[in-house]
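Novice: Just one file: upload_37.txt, with compact mmCIF, N, CA and C atoms.
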```txt
# COMPACT_ATOMS: atom_id res chain seq x y z
N MET A 1 98.49 98.46 130.44
CA MET A 1 98.44 99.78 131.02
C MET A 1 97.03 100.02 131.55
N VAL A 2 96.90 99.98 132.84
CA VAL A 2 95.61 100.17 133.48
C VAL A 2 95.16 101.60 133.32
N GLY A 3 93.93 101.77 132.86
CA GLY A 3 93.36 103.10 132.71
C GLY A 3 93.74 103.81 131.43
N ALA A 4 94.66 103.27 130.67
CA ALA A 4 95.08 103.91 129.44
C ALA A 4 94.02 103.74 128.35
N ARG A 5 93.94 104.71 127.51
CA ARG A 5 93.02 104.63 126.38
C ARG A 5 93.80 104.15 125.17
N GLN A 6 93.16 103.35 124.35
CA GLN A 6 93.78 102.81 123.14
C GLN A 6 92.90 103.15 121.95
N LEU A 7 93.52 103.31 120.80
CA LEU A 7 92.79 103.54 119.56
C LEU A 7 92.95 102.31 118.69
N LEU A 8 91.83 101.77 118.24
CA LEU A 8 91.83 100.63 117.33
C LEU A 8 91.25 101.10 116.00
N ILE A 9 92.05 101.03 114.95
CA ILE A 9 91.62 101.46 113.63
C ILE A 9 91.10 100.24 112.90
N LEU A 10 89.85 100.32 112.43
CA LEU A 10 89.18 99.18 111.81
C LEU A 10 88.95 99.41 110.33
N ASP A 11 88.79 98.32 109.60
CA ASP A 11 88.57 98.41 108.16
C ASP A 11 87.09 98.46 107.78
N GLY A 12 86.19 98.55 108.74
CA GLY A 12 84.78 98.66 108.44
C GLY A 12 84.08 97.34 108.21
N HIS A 13 84.73 96.20 108.46
CA HIS A 13 84.11 94.89 108.29
C HIS A 13 82.91 94.77 109.21
N GLU A 14 81.88 94.12 108.75
CA GLU A 14 80.62 94.05 109.52
C GLU A 14 80.78 93.39 110.89
N SER A 15 81.79 92.54 111.07
CA SER A 15 81.98 91.89 112.37
C SER A 15 82.34 92.89 113.46
N HIS A 16 82.83 94.05 113.07
CA HIS A 16 83.21 95.07 114.05
C HIS A 16 82.01 95.88 114.53
N HIS A 17 80.86 95.66 113.92
CA HIS A 17 79.68 96.44 114.27
C HIS A 17 78.80 95.74 115.30
N SER A 18 79.21 94.59 115.79
CA SER A 18 78.36 93.86 116.73
C SER A 18 78.35 94.56 118.09
N LEU A 19 77.25 94.43 118.79
CA LEU A 19 77.10 95.03 120.10
C LEU A 19 78.11 94.44 121.07
N LYS A 20 78.35 93.13 120.98
CA LYS A 20 79.31 92.46 121.86
C LYS A 20 80.71 93.04 121.68
N PHE A 21 81.12 93.25 120.42
CA PHE A 21 82.44 93.81 120.14
C PHE A 21 82.55 95.22 120.69
N GLN A 22 81.52 96.04 120.47
CA GLN A 22 81.55 97.43 120.95
C GLN A 22 81.60 97.49 122.47
N GLU A 23 80.86 96.59 123.15
CA GLU A 23 80.88 96.56 124.61
C GLU A 23 82.26 96.16 125.12
N LEU A 24 82.90 95.19 124.47
CA LEU A 24 84.24 94.76 124.84
C LEU A 24 85.22 95.93 124.73
N CYS A 25 85.11 96.68 123.67
CA CYS A 25 85.98 97.84 123.47
C CYS A 25 85.75 98.88 124.57
N LYS A 26 84.48 99.14 124.86
CA LYS A 26 84.16 100.15 125.89
C LYS A 26 84.70 99.73 127.24
N GLU A 27 84.55 98.46 127.60
CA GLU A 27 85.03 97.94 128.89
C GLU A 27 86.55 98.08 129.03
N ASN A 28 87.26 98.06 127.90
CA ASN A 28 88.72 98.09 127.92
C ASN A 28 89.31 99.43 127.47
N ASN A 29 88.50 100.49 127.51
CA ASN A 29 88.96 101.83 127.11
C ASN A 29 89.56 101.85 125.71
N ILE A 30 88.92 101.14 124.80
CA ILE A 30 89.37 101.11 123.41
C ILE A 30 88.41 101.92 122.56
N TYR A 31 88.95 102.94 121.92
CA TYR A 31 88.16 103.75 120.99
C TYR A 31 88.34 103.17 119.60
N THR A 32 87.25 103.05 118.87
CA THR A 32 87.33 102.49 117.53
C THR A 32 87.17 103.61 116.49
N LEU A 33 87.94 103.48 115.44
CA LEU A 33 87.86 104.40 114.31
C LEU A 33 87.69 103.56 113.07
N CYS A 34 86.54 103.70 112.41
CA CYS A 34 86.26 102.91 111.21
C CYS A 34 86.68 103.69 109.96
N MET A 35 87.47 103.05 109.13
CA MET A 35 87.89 103.66 107.88
C MET A 35 86.78 103.51 106.84
N PRO A 36 86.75 104.41 105.88
CA PRO A 36 85.78 104.26 104.79
C PRO A 36 86.06 102.97 104.01
N PRO A 37 85.01 102.37 103.44
CA PRO A 37 85.21 101.15 102.67
C PRO A 37 86.13 101.37 101.47
N HIS A 38 86.84 100.33 101.11
CA HIS A 38 87.71 100.29 99.93
C HIS A 38 88.91 101.23 100.00
N LEU A 39 89.25 101.69 101.19
CA LEU A 39 90.42 102.55 101.33
C LEU A 39 91.44 101.98 102.29
N SER A 40 91.17 100.81 102.84
CA SER A 40 92.07 100.28 103.86
C SER A 40 93.49 100.07 103.32
N HIS A 41 93.63 99.72 102.03
CA HIS A 41 94.97 99.51 101.49
C HIS A 41 95.78 100.81 101.47
N LEU A 42 95.12 101.95 101.53
CA LEU A 42 95.82 103.23 101.57
C LEU A 42 95.99 103.75 102.98
N LEU A 43 95.10 103.37 103.88
CA LEU A 43 95.07 103.96 105.21
C LEU A 43 95.67 103.09 106.31
N GLN A 44 95.78 101.80 106.10
CA GLN A 44 96.30 100.94 107.16
C GLN A 44 97.82 101.08 107.22
N PRO A 45 98.33 101.63 108.32
CA PRO A 45 99.76 101.87 108.40
C PRO A 45 100.60 100.61 108.18
N LEU A 46 100.19 99.47 108.71
CA LEU A 46 101.00 98.28 108.53
C LEU A 46 101.06 97.86 107.07
N ASP A 47 99.94 98.01 106.36
CA ASP A 47 99.95 97.71 104.93
C ASP A 47 100.87 98.69 104.19
N VAL A 48 100.80 99.94 104.59
CA VAL A 48 101.56 100.99 103.90
C VAL A 48 103.05 100.85 104.12
N GLY A 49 103.48 100.52 105.35
CA GLY A 49 104.90 100.61 105.61
C GLY A 49 105.61 99.44 106.25
N CYS A 50 104.90 98.36 106.61
CA CYS A 50 105.58 97.27 107.31
C CYS A 50 105.50 95.92 106.61
N PHE A 51 104.37 95.60 106.01
CA PHE A 51 104.23 94.26 105.44
C PHE A 51 105.08 94.06 104.20
N LEU A 52 105.28 95.08 103.40
CA LEU A 52 106.16 94.93 102.23
C LEU A 52 107.61 94.69 102.66
N PRO A 53 108.16 95.45 103.61
CA PRO A 53 109.50 95.11 104.08
C PRO A 53 109.58 93.72 104.70
N LEU A 54 108.51 93.29 105.38
CA LEU A 54 108.48 91.94 105.96
C LEU A 54 108.55 90.89 104.84
N LYS A 55 107.77 91.11 103.80
CA LYS A 55 107.75 90.17 102.67
C LYS A 55 109.14 90.07 102.04
N ARG A 56 109.79 91.21 101.85
CA ARG A 56 111.12 91.22 101.24
C ARG A 56 112.16 90.55 102.16
N ALA A 57 112.10 90.87 103.46
CA ALA A 57 113.06 90.28 104.40
C ALA A 57 112.87 88.77 104.50
N TYR A 58 111.61 88.32 104.49
CA TYR A 58 111.35 86.88 104.56
C TYR A 58 111.86 86.19 103.30
N SER A 59 111.67 86.83 102.15
CA SER A 59 112.19 86.26 100.90
C SER A 59 113.70 86.08 100.96
N HIS A 60 114.41 87.06 101.52
CA HIS A 60 115.87 86.95 101.66
C HIS A 60 116.24 85.79 102.58
N GLU A 61 115.48 85.59 103.65
CA GLU A 61 115.74 84.48 104.57
C GLU A 61 115.56 83.13 103.86
N ILE A 62 114.50 83.02 103.08
CA ILE A 62 114.23 81.77 102.36
C ILE A 62 115.29 81.53 101.29
N GLU A 63 115.69 82.59 100.59
CA GLU A 63 116.76 82.45 99.59
C GLU A 63 118.04 81.93 100.23
N ALA A 64 118.34 82.39 101.44
CA ALA A 64 119.54 81.91 102.15
C ALA A 64 119.42 80.42 102.46
N LEU A 65 118.22 79.98 102.85
CA LEU A 65 118.01 78.55 103.11
C LEU A 65 118.20 77.73 101.84
N ILE A 66 117.69 78.25 100.74
CA ILE A 66 117.81 77.54 99.46
C ILE A 66 119.28 77.44 99.05
N ARG A 67 120.04 78.52 99.29
CA ARG A 67 121.49 78.47 98.99
C ARG A 67 122.19 77.41 99.84
N ASP A 68 121.62 77.13 101.04
CA ASP A 68 122.18 76.08 101.90
C ASP A 68 121.57 74.71 101.59
N HIS A 69 120.91 74.60 100.43
CA HIS A 69 120.32 73.35 99.94
C HIS A 69 119.15 72.86 100.79
N ILE A 70 118.44 73.77 101.43
CA ILE A 70 117.20 73.43 102.14
C ILE A 70 116.06 73.84 101.23
N ASN A 71 115.42 72.85 100.61
CA ASN A 71 114.39 73.12 99.61
C ASN A 71 112.97 72.88 100.12
N HIS A 72 112.85 72.29 101.30
CA HIS A 72 111.53 72.05 101.89
C HIS A 72 111.49 72.81 103.22
N ILE A 73 110.58 73.78 103.32
CA ILE A 73 110.50 74.61 104.51
C ILE A 73 109.48 74.00 105.48
N THR A 74 109.98 73.58 106.63
CA THR A 74 109.10 73.06 107.69
C THR A 74 109.01 74.13 108.78
N LYS A 75 108.28 73.82 109.85
CA LYS A 75 108.18 74.76 110.97
C LYS A 75 109.56 75.06 111.55
N LEU A 76 110.43 74.09 111.51
CA LEU A 76 111.78 74.29 112.07
C LEU A 76 112.55 75.36 111.29
N GLU A 77 112.34 75.44 109.99
CA GLU A 77 113.01 76.47 109.19
C GLU A 77 112.20 77.77 109.14
N PHE A 78 110.88 77.61 109.10
CA PHE A 78 110.01 78.78 108.95
C PHE A 78 110.13 79.73 110.14
N LEU A 79 110.00 79.21 111.35
CA LEU A 79 109.95 80.08 112.52
C LEU A 79 111.19 80.95 112.69
N PRO A 80 112.41 80.40 112.62
CA PRO A 80 113.58 81.29 112.73
C PRO A 80 113.67 82.29 111.57
N ALA A 81 113.31 81.84 110.37
CA ALA A 81 113.37 82.74 109.21
C ALA A 81 112.36 83.88 109.36
N PHE A 82 111.16 83.54 109.80
CA PHE A 82 110.13 84.57 109.98
C PHE A 82 110.51 85.52 111.11
N LYS A 83 111.02 84.98 112.20
CA LYS A 83 111.42 85.84 113.34
C LYS A 83 112.50 86.83 112.92
N ALA A 84 113.47 86.37 112.18
CA ALA A 84 114.55 87.26 111.71
C ALA A 84 113.98 88.34 110.79
N ALA A 85 113.09 87.95 109.89
CA ALA A 85 112.49 88.91 108.95
C ALA A 85 111.61 89.91 109.70
N PHE A 86 110.84 89.42 110.65
CA PHE A 86 109.95 90.28 111.44
C PHE A 86 110.77 91.29 112.24
N THR A 87 111.83 90.82 112.88
CA THR A 87 112.68 91.70 113.69
C THR A 87 113.30 92.80 112.83
N ARG A 88 113.68 92.47 111.60
CA ARG A 88 114.27 93.47 110.71
C ARG A 88 113.25 94.46 110.17
N SER A 89 112.01 94.04 109.99
CA SER A 89 111.05 94.91 109.31
C SER A 89 110.10 95.65 110.25
N PHE A 90 109.77 95.08 111.39
CA PHE A 90 108.86 95.75 112.32
C PHE A 90 109.67 96.51 113.38
N THR A 91 110.35 97.53 112.93
CA THR A 91 111.15 98.37 113.83
C THR A 91 110.33 99.61 114.19
N SER A 92 110.74 100.28 115.25
CA SER A 92 110.06 101.53 115.63
C SER A 92 110.09 102.53 114.48
N ALA A 93 111.22 102.61 113.81
CA ALA A 93 111.35 103.55 112.69
C ALA A 93 110.37 103.22 111.57
N ASN A 94 110.28 101.93 111.18
CA ASN A 94 109.35 101.53 110.12
C ASN A 94 107.90 101.78 110.51
N ILE A 95 107.57 101.50 111.76
CA ILE A 95 106.19 101.70 112.21
C ILE A 95 105.84 103.19 112.20
N CYS A 96 106.75 104.03 112.68
CA CYS A 96 106.50 105.48 112.65
C CYS A 96 106.36 105.99 111.21
N LEU A 97 107.25 105.51 110.32
CA LEU A 97 107.16 105.90 108.91
C LEU A 97 105.86 105.40 108.27
N ALA A 98 105.37 104.25 108.73
CA ALA A 98 104.12 103.71 108.19
C ALA A 98 102.95 104.62 108.51
N PHE A 99 102.89 105.11 109.76
CA PHE A 99 101.81 106.04 110.13
C PHE A 99 101.95 107.35 109.37
N GLN A 100 103.18 107.77 109.14
CA GLN A 100 103.40 108.98 108.36
C GLN A 100 103.00 108.75 106.90
N GLY A 101 103.38 107.58 106.34
CA GLY A 101 103.05 107.26 104.95
C GLY A 101 101.57 107.12 104.71
N ALA A 102 100.83 106.75 105.76
CA ALA A 102 99.38 106.64 105.64
C ALA A 102 98.71 107.99 105.86
N GLY A 103 99.50 109.02 106.18
CA GLY A 103 98.95 110.35 106.38
C GLY A 103 98.22 110.50 107.70
N LEU A 104 98.51 109.61 108.67
CA LEU A 104 97.79 109.65 109.95
C LEU A 104 98.53 110.45 111.02
N VAL A 105 99.86 110.36 111.07
CA VAL A 105 100.65 111.08 112.08
C VAL A 105 101.88 111.64 111.39
N PRO A 106 102.00 112.94 111.24
CA PRO A 106 100.97 113.93 111.50
C PRO A 106 99.84 113.80 110.48
N LEU A 107 98.67 114.24 110.88
CA LEU A 107 97.50 114.11 110.01
C LEU A 107 97.70 114.92 108.73
N GLN A 108 97.72 114.22 107.61
CA GLN A 108 97.88 114.84 106.30
C GLN A 108 96.95 114.16 105.30
N PRO A 109 95.69 114.55 105.28
CA PRO A 109 94.74 113.90 104.37
C PRO A 109 95.16 113.95 102.91
N ASP A 110 95.94 114.97 102.52
CA ASP A 110 96.37 115.08 101.12
C ASP A 110 97.26 113.92 100.70
N VAL A 111 97.96 113.29 101.66
CA VAL A 111 98.81 112.13 101.34
C VAL A 111 97.95 111.03 100.76
N VAL A 112 96.80 110.77 101.37
CA VAL A 112 95.90 109.72 100.89
C VAL A 112 95.16 110.19 99.64
N LEU A 113 94.66 111.41 99.67
CA LEU A 113 93.89 111.91 98.53
C LEU A 113 94.72 111.93 97.25
N SER A 114 96.02 112.17 97.38
CA SER A 114 96.87 112.20 96.19
C SER A 114 97.03 110.82 95.56
N LYS A 115 96.76 109.77 96.34
CA LYS A 115 96.89 108.40 95.81
C LYS A 115 95.62 107.89 95.15
N LEU A 116 94.53 108.62 95.33
CA LEU A 116 93.26 108.18 94.74
C LEU A 116 93.25 108.50 93.25
N ASP A 117 92.65 107.61 92.51
CA ASP A 117 92.54 107.81 91.06
C ASP A 117 91.18 108.45 90.79
N VAL A 118 91.10 109.74 91.05
CA VAL A 118 89.84 110.46 90.88
C VAL A 118 89.96 111.33 89.64
N ARG A 119 89.00 111.18 88.78
CA ARG A 119 88.97 112.00 87.56
C ARG A 119 87.69 112.82 87.57
N LEU A 120 87.85 114.11 87.74
CA LEU A 120 86.69 114.99 87.71
C LEU A 120 86.34 115.26 86.26
N ARG A 121 85.06 115.26 86.00
CA ARG A 121 84.63 115.56 84.63
C ARG A 121 83.31 116.29 84.67
N THR A 122 83.09 117.07 83.65
CA THR A 122 81.84 117.79 83.52
C THR A 122 80.83 116.87 82.85
N PRO A 123 79.65 116.74 83.46
CA PRO A 123 78.66 115.86 82.82
C PRO A 123 78.27 116.39 81.45
N THR A 124 78.08 115.46 80.52
CA THR A 124 77.65 115.87 79.18
C THR A 124 76.14 116.00 79.17
N GLN A 125 75.67 116.94 78.38
CA GLN A 125 74.22 117.13 78.28
C GLN A 125 73.62 116.04 77.42
N VAL A 126 72.48 115.57 77.87
CA VAL A 126 71.76 114.57 77.10
C VAL A 126 70.84 115.29 76.13
N ALA A 127 70.91 114.91 74.88
CA ALA A 127 70.06 115.52 73.86
C ALA A 127 68.62 115.07 74.06
N LEU A 128 67.73 116.04 74.09
CA LEU A 128 66.30 115.72 74.24
C LEU A 128 65.71 115.42 72.86
N PRO A 129 64.80 114.43 72.83
CA PRO A 129 64.18 114.14 71.51
C PRO A 129 63.40 115.35 71.02
N GLU A 130 63.41 115.52 69.69
CA GLU A 130 62.69 116.65 69.09
C GLU A 130 61.20 116.38 69.14
N ALA A 131 60.46 117.45 69.37
CA ALA A 131 58.99 117.35 69.42
C ALA A 131 58.46 117.13 68.01
N PRO A 132 57.42 116.27 67.87
CA PRO A 132 56.89 116.03 66.51
C PRO A 132 56.13 117.18 65.93
```
Turn this file's structure into structure tokens for me.
Specialist:
Amino acid sequence: MVGARQLLILDGHESHHSLKFQELCKENNIYTLCMPPHLSHLLQPLDVGCFLPLKRAYSHEIEALIRDHINHITKLEFLPAFKAAFTRSFTSANICLAFQGAGLVPLQPDVVLSKLDVRLRTPTQVALPEAP
């Protein structure tokens, strides 16, 4: 799409901070959004809603091969099995639900915040040594 703007959501890895990478993005109308560290497993839509269904669908494909007495998976067996699993799991509906599950569309920060294991506590006072 010529002239279209794209959003690329990044996990904050240092390789994304290079000048060359940023220039490439600018040249191609790509806006980058860096997620806070250690939160990508909660914020990445594909992690949230697509890769688990892919893993399950692929497992079902492999189980079917095993039932057909195919115990060694080569490229010939892998590619059709993976394609079938990918087609079943990377649907428009799953992708939309993934963005919703990550709290990105519609924007719902509470979705992510509710998954954090944050325990608020009142700091305890430190006893001062007694004066001699």
Novice: Can you list, as a count of residues only, every residue of chain A that DSSP puts in helix (DSSP H, G or I)?
Specialist: 69
Novice: Which distance in Å separates atom CA of Ser92 of chain A and atom N of Glu63 of chain A, to one decimal?
Specialist: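 Atom-to-atom, atom CA of Ser92 of chain A to atom N of Glu63 of chain A, that is 24.8 Å.
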Novice: Could you produce a table of the residues of segment 29-65 of chain A lying within 6.5 Å of segment 93-98 of chain A, with the nearest pair of atoms per residue and their separation in Å rounded to one decimal, using all atoms listed in the file, ordered by chain and increasing residue number, as CSV?
Specialist:
```
residue,atom,partner,partner_atom,distance
A:Gln44,C,A:Ala98,C,6.4
A:Pro45,CA,A:Ala98,C,4.2
A:Leu46,N,A:Ala98,CA,5.8
A:Val48,C,A:Ala98,CA,5.1
A:Gly49,CA,A:Ala98,CA,4.1
A:Cys50,N,A:Ala98,CA,5.6
```
Novice: As a VMD selection string, please: every residue in chain A that DSSP puts in strand (DSSP E).
Specialist: chain A and resid 6 to 10 30 to 34
Novice: Would you work out the distance separating atom C of Arg56 of chain A from atom N of Leu116 of chain A, expressed in Å to one decimal?
Specialist: 26.2 Å
Novice: Take atom C of Leu8 of chain A and atom C of Leu24 of chain A and report the distance between them in Å, one decimal.
Specialist: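 The value is 11.8 Å.
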Novice: Pick out the residues sitting within 8 Å of segment 111-114 of chain A, and hand them over as a list in words; count all atoms listed in the file, and ignore anything fewer than 5 positions along from it in its own chain.
Specialist: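 Once the adjacent positions are removed, what remains is Leu42, Leu43, Gln100, Gly101, Ala102, Gly103 and Leu104 of chain A.
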Novice: Using only C-alpha atoms, which residue out of A:Ile30, A:Leu10, A:Leu19, A:Leu39 lies closest to Lys115 of chain A?
Specialist: A:Leu39
